[in-house]
file start21.cif (mmCIF, C-alpha atoms)
data_query
#
loop_
_atom_site.group_PDB
_atom_site.id
_atom_site.type_symbol
_atom_site.label_atom_id
_atom_site.label_comp_id
_atom_site.auth_asym_id
_atom_site.auth_seq_id
_atom_site.Cartn_x
_atom_site.Cartn_y
_atom_site.Cartn_z
ATOM 1 C CA MET Z 1282 30.161 12.010 9.514
ATOM 2 C CA MET Z 1283 28.909 8.658 10.810
ATOM 3 C CA PHE Z 1284 26.718 8.294 7.716
ATOM 4 C CA LEU Z 1285 29.750 8.612 5.461
ATOM 5 C CA LYS Z 1286 31.783 6.162 7.506
ATOM 6 C CA ILE Z 1287 29.069 3.503 7.356
ATOM 7 C CA PHE Z 1288 28.682 3.791 3.604
ATOM 8 C CA SER Z 1289 32.410 3.947 2.952
ATOM 9 C CA VAL Z 1290 32.705 0.227 3.818
ATOM 10 C CA ILE Z 1291 30.048 -0.784 1.273
ATOM 11 C CA SER Z 1292 31.457 -2.040 -1.999
ATOM 12 C CA GLN Z 1293 30.724 -0.380 -5.330
ATOM 13 C CA SER Z 1294 28.388 -3.188 -6.422
ATOM 14 C CA GLU Z 1295 26.364 -2.944 -3.190
ATOM 15 C CA THR Z 1296 26.082 0.806 -3.606
ATOM 16 C CA GLU Z 1297 24.870 0.320 -7.175
ATOM 17 C CA LYS Z 1298 22.185 -2.066 -5.885
ATOM 18 C CA MET Z 1299 20.990 0.531 -3.367
ATOM 19 C CA TYR Z 1300 21.121 3.516 -5.727
ATOM 20 C CA ASN Z 1301 20.347 3.053 -9.390
ATOM 21 C CA ASN Z 1302 20.358 6.319 -11.382
ATOM 22 C CA ASN Z 1303 20.012 8.308 -8.131
ATOM 23 C CA LYS Z 1304 16.903 6.384 -7.076
ATOM 24 C CA ILE Z 1305 16.611 4.605 -3.761
ATOM 25 C CA ILE Z 1306 15.827 0.954 -4.341
ATOM 26 C CA MET Z 1307 14.120 -1.194 -1.708
ATOM 27 C CA ASP Z 1308 12.734 -4.707 -1.229
ATOM 28 C CA LEU Z 1309 9.757 -5.956 0.772
ATOM 29 C CA THR Z 1310 8.895 -9.588 1.470
ATOM 30 C CA GLY Z 1311 5.372 -10.447 2.461
ATOM 31 C CA LYS Z 1312 1.959 -11.679 1.375
ATOM 32 C CA ILE Z 1313 -0.249 -10.053 -1.249
ATOM 33 C CA ILE Z 1314 -3.473 -9.157 0.569
ATOM 34 C CA ALA Z 1315 -5.210 -7.114 -2.150
ATOM 35 C CA VAL Z 1316 -5.165 -6.981 -5.926
ATOM 36 C CA LEU Z 1317 -6.781 -3.725 -7.026
ATOM 37 C CA PRO Z 1318 -8.446 -3.223 -10.431
ATOM 38 C CA ALA Z 1319 -6.153 -2.340 -13.331
ATOM 39 C CA SER Z 1320 -6.196 1.198 -14.723
ATOM 40 C CA SER Z 1321 -5.554 2.033 -18.354
ATOM 41 C CA GLY Z 1322 -5.710 4.931 -20.710
ATOM 42 C CA VAL Z 1323 -4.033 6.790 -23.543
ATOM 43 C CA SER Z 1324 -1.186 9.225 -22.969
ATOM 44 C CA GLN Z 1325 -2.119 12.787 -23.970
ATOM 45 C CA ARG Z 1326 1.535 13.551 -24.657
ATOM 46 C CA THR Z 1327 2.482 10.555 -26.842
ATOM 47 C CA GLY Z 1328 -0.850 8.991 -27.791
ATOM 48 C CA ASN Z 1329 0.353 5.560 -26.597
ATOM 49 C CA SER Z 1330 -1.868 3.351 -24.470
ATOM 50 C CA TRP Z 1331 -0.780 2.521 -20.912
ATOM 51 C CA MET Z 1332 -1.865 0.199 -18.101
ATOM 52 C CA SER Z 1333 -1.062 -0.025 -14.398
ATOM 53 C CA GLN Z 1334 -2.272 -2.104 -11.477
ATOM 54 C CA ASP Z 1335 -1.933 -1.586 -7.724
ATOM 55 C CA TYR Z 1336 -1.346 -4.310 -5.127
ATOM 56 C CA VAL Z 1337 -1.146 -4.346 -1.330
ATOM 57 C CA ILE Z 1338 1.622 -6.337 0.365
ATOM 58 C CA GLU Z 1339 1.620 -7.123 4.089
ATOM 59 C CA VAL Z 1340 4.983 -7.584 5.788
ATOM 60 C CA PRO Z 1341 4.688 -9.985 8.761
ATOM 61 C CA GLY Z 1342 5.853 -9.193 12.259
ATOM 62 C CA GLN Z 1343 4.564 -8.271 15.682
ATOM 63 C CA TYR Z 1344 2.978 -5.193 14.072
ATOM 64 C CA PRO Z 1345 2.358 -6.155 10.416
ATOM 65 C CA ARG Z 1346 2.949 -3.347 7.921
ATOM 66 C CA LYS Z 1347 1.136 -2.821 4.642
ATOM 67 C CA CYS Z 1348 2.321 -1.049 1.509
ATOM 68 C CA VAL Z 1349 0.551 -0.276 -1.761
ATOM 69 C CA PHE Z 1350 2.770 -0.628 -4.808
ATOM 70 C CA ARG Z 1351 2.139 -0.207 -8.512
ATOM 71 C CA VAL Z 1352 3.176 -2.281 -11.503
ATOM 72 C CA PHE Z 1353 3.263 -0.107 -14.619
ATOM 73 C CA GLY Z 1354 2.935 -1.568 -18.094
ATOM 74 C CA GLU Z 1355 0.719 -4.342 -19.416
ATOM 75 C CA ASP Z 1356 3.750 -6.491 -20.214
ATOM 76 C CA ARG Z 1357 5.019 -6.340 -16.611
ATOM 77 C CA ILE Z 1358 1.564 -6.976 -15.175
ATOM 78 C CA LYS Z 1359 1.360 -10.162 -17.255
ATOM 79 C CA GLN Z 1360 5.000 -11.105 -16.573
ATOM 80 C CA PHE Z 1361 4.693 -10.788 -12.777
ATOM 81 C CA ASN Z 1362 1.192 -12.354 -12.694
ATOM 82 C CA ILE Z 1363 0.734 -11.419 -9.024
ATOM 83 C CA GLN Z 1364 -2.083 -13.330 -7.325
ATOM 84 C CA MET Z 1365 -3.936 -12.788 -4.052
ATOM 85 C CA GLY Z 1366 -2.369 -14.669 -1.117
ATOM 86 C CA GLU Z 1367 1.052 -15.191 -2.736
ATOM 87 C CA ASP Z 1368 4.257 -14.788 -0.747
ATOM 88 C CA VAL Z 1369 6.529 -12.517 -2.783
ATOM 89 C CA THR Z 1370 9.590 -10.302 -2.579
ATOM 90 C CA VAL Z 1371 8.963 -7.014 -4.356
ATOM 91 C CA SER Z 1372 11.817 -4.748 -5.438
ATOM 92 C CA PHE Z 1373 10.610 -1.208 -5.940
ATOM 93 C CA ASP Z 1374 11.597 2.405 -6.390
ATOM 94 C CA ILE Z 1375 10.029 5.281 -4.481
ATOM 95 C CA ASP Z 1376 9.449 8.653 -6.102
ATOM 96 C CA ALA Z 1377 7.057 11.569 -5.593
ATOM 97 C CA HIS Z 1378 5.285 13.942 -7.932
ATOM 98 C CA GLU Z 1379 3.316 17.169 -7.545
ATOM 99 C CA PHE Z 1380 -0.212 17.625 -8.855
ATOM 100 C CA ASN Z 1381 -2.272 20.789 -8.263
ATOM 101 C CA GLY Z 1382 -0.082 21.871 -5.353
ATOM 102 C CA ARG Z 1383 -0.210 18.489 -3.576
ATOM 103 C CA TRP Z 1384 2.509 15.844 -3.435
ATOM 104 C CA PHE Z 1385 1.942 12.125 -3.965
ATOM 105 C CA ASN Z 1386 4.255 9.154 -3.424
ATOM 106 C CA ASP Z 1387 4.721 6.614 -6.172
ATOM 107 C CA VAL Z 1388 5.955 3.130 -5.232
ATOM 108 C CA ARG Z 1389 6.746 1.317 -8.512
ATOM 109 C CA ALA Z 1390 7.705 -2.347 -8.582
ATOM 110 C CA TYR Z 1391 10.341 -3.377 -11.082
ATOM 111 C CA SER Z 1392 10.908 -6.970 -9.922
ATOM 112 C CA VAL Z 1393 8.750 -9.582 -8.216
ATOM 113 C CA VAL Z 1394 10.173 -12.880 -6.939
ATOM 114 C CA ARG Z 1395 7.895 -15.589 -5.586
ATOM 115 C CA GLY Z 1396 8.685 -17.144 -2.207
ATOM 116 C CA ALA Z 1397 11.110 -15.997 0.479
ATOM 117 C CA ALA Z 1398 13.770 -13.385 -0.152
ATOM 118 C CA PRO Z 1399 17.116 -14.746 -1.317
ATOM 119 C CA VAL Z 1400 19.851 -14.267 1.279
ATOM 120 C CA ALA Z 1401 22.760 -12.399 -0.262
ATOM 121 C CA ALA Z 1402 26.326 -13.315 0.639
ATOM 122 C CA PRO Z 1403 27.858 -10.724 2.968
ATOM 123 C CA ALA Z 1404 30.543 -8.478 1.532
ATOM 124 C CA GLN Z 1405 34.149 -9.220 2.455
ATOM 125 C CA GLY Z 1406 35.525 -6.906 5.119
ATOM 126 C CA ALA Z 1407 32.213 -5.246 5.963
ATOM 127 C CA PRO Z 1408 31.940 -4.824 9.738
ATOM 128 C CA PHE Z 1409 28.147 -4.900 9.650
ATOM 129 C CA ALA Z 1410 27.842 -7.943 7.395
ATOM 130 C CA SER Z 1411 26.976 -10.357 10.212
ATOM 131 C CA GLN Z 1412 24.328 -7.978 11.538
ATOM 132 C CA ALA Z 1413 22.842 -7.542 8.056
ATOM 133 C CA ALA Z 1414 22.631 -11.317 7.535
ATOM 134 C CA THR Z 1415 20.983 -11.773 10.922
ATOM 135 C CA GLN Z 1416 18.461 -9.032 10.183
ATOM 136 C CA GLN Z 1417 17.602 -10.525 6.791
ATOM 137 C CA ASP Z 1418 16.980 -13.921 8.376
ATOM 138 C CA ALA Z 1419 14.571 -12.478 10.935
ATOM 139 C CA ALA Z 1420 10.880 -12.651 10.077
ATOM 140 C CA SER Z 1421 10.253 -9.166 11.463
ATOM 141 C CA PRO Z 1422 11.862 -5.942 10.277
ATOM 142 C CA PHE Z 1423 12.069 -4.848 13.925
ATOM 143 C CA PRO Z 1424 14.205 -6.206 16.776
ATOM 144 C CA PRO Z 1425 12.421 -8.360 19.350
ATOM 145 C CA ALA Z 1426 10.852 -6.521 22.242
ATOM 146 C CA PRO Z 1427 12.835 -6.707 25.488
ATOM 147 C CA GLU Z 1428 11.410 -8.962 28.159
ATOM 148 C CA THR Z 1429 9.431 -7.148 30.812
ATOM 149 C CA VAL Z 1430 10.918 -6.711 34.234
ATOM 150 C CA GLY Z 1431 8.877 -7.598 37.337
ATOM 151 C CA GLU Z 1432 6.583 -4.955 38.827
ATOM 152 C CA GLY Z 1433 8.646 -4.713 42.011
ATOM 153 C CA SER Z 1434 11.644 -3.559 40.014
ATOM 154 C CA ALA Z 1435 12.996 -0.006 40.199
ATOM 155 C CA ASP Z 1436 12.776 0.150 36.389
ATOM 156 C CA ASP Z 1437 9.025 0.109 35.820
ATOM 157 C CA LEU Z 1438 8.984 2.434 32.842
ATOM 158 C CA PRO Z 1439 6.949 1.094 29.899
ATOM 159 C CA PHE Z 1440 9.813 1.677 27.440
#

call {"tool": "encode", "arguments": {"input": "start21.cif", "output": "structure tokens"}}
result
Amino acid sequence: MMFLKIFSVISQSETEKMYNNNKIIMDLTGKIIAVLPASSGVSQRTGNSWMSQDYVIEVPGQYPRKCVFRVFGEDRIKQFNIQMGEDVTVSFDIDAHEFNGRWFNDVRAYSVVRGAAPVAAPAQGAPFASQAATQQDAASPFPPAPETVGEGSADDLPF
């Protein structure tokens, strides 16, 4: 029930940004730390040539996270022109496919913006809008760690 209540305050346009044709759409902002070699071939089904290239983005924070994403299509690879060491915001879609009884994730980029992520204006009437803006402004995707309490304290648990 709580899930429905949270999403009921999101406007139609915000929902369309999150879900496009029943796909979950996400963004990551970070630095490109690896540009992997491009792959190409010819489709057995259509006979058309294809090209894809994988990149690794590192999201900063106390515990930096890395994600491999793929740009599919020679035209997009040239359009995005992603270089090692660039700070980018990558918009991507996550999907999975089965091959020989095993499942594989596919993280496909559809938009790459150089520099910091643009801060969107909060929606009118959304109770979580101020929290969302604060979280977008933070450099880390995680909240700051609480300050440690002295060793003589009754609360000496590590979490």

call {"tool": "residues_around", "arguments": {"input": "start21.cif", "residues": "Arg1389 in chain Z", "least_positions_apart": "3", "cutoff": "12 Å", "atoms": "all atoms listed in the file", "output": "PyMOL selection string"}}
result
chain Z and resi 1304-1308+1333-1336+1348-1354+1357-1358+1371-1377+1386+1392-1393

call {"tool": "atom_distance", "arguments": {"input": "start21.cif", "atom1": "CA of Thr1370 in chain Z", "atom2": "CA of Pro1341 in chain Z"}}
result
12.4 Å

call {"tool": "residues_around", "arguments": {"input": "start21.cif", "residues": "Gln1364 in chain Z", "least_positions_apart": "3", "cutoff": "8 Å", "atoms": "all atoms listed in the file", "output": "PyMOL selection string"}}
result
chain Z and resi 1313+1316+1367

call {"tool": "closest_residue", "arguments": {"input": "start21.cif", "among": "Z:Thr1310, Z:His1378, Z:Ser1320, Z:Met1365", "to": "Lys1347 in chain Z", "atoms": "all atoms listed in the file"}}
result
Z:Thr1310

call {"tool": "axis_aligned_box", "arguments": {"input": "start21.cif", "around": "range 1365-1382 of chain Z", "padding_each_side": "5 Å", "output": "lines of an AutoDock Vina configuration file"}}
result
center_x = 3.9
center_y = 3.3
center_z = -4.8
size_x = 25.8
size_y = 47.1
size_z = 18.1

call {"tool": "atom_distance", "arguments": {"input": "start21.cif", "atom1": "CA of Leu1309 in chain Z", "atom2": "CA of Glu1355 in chain Z"}}
result
22.2 Å

call {"tool": "closest_residue", "arguments": {"input": "start21.cif", "among": "Z:Met1332, Z:Val1323, Z:Leu1317, Z:Ile1363", "to": "Val1394 in chain Z", "atoms": "all atoms listed in the file"}}
result
Z:Ile1363
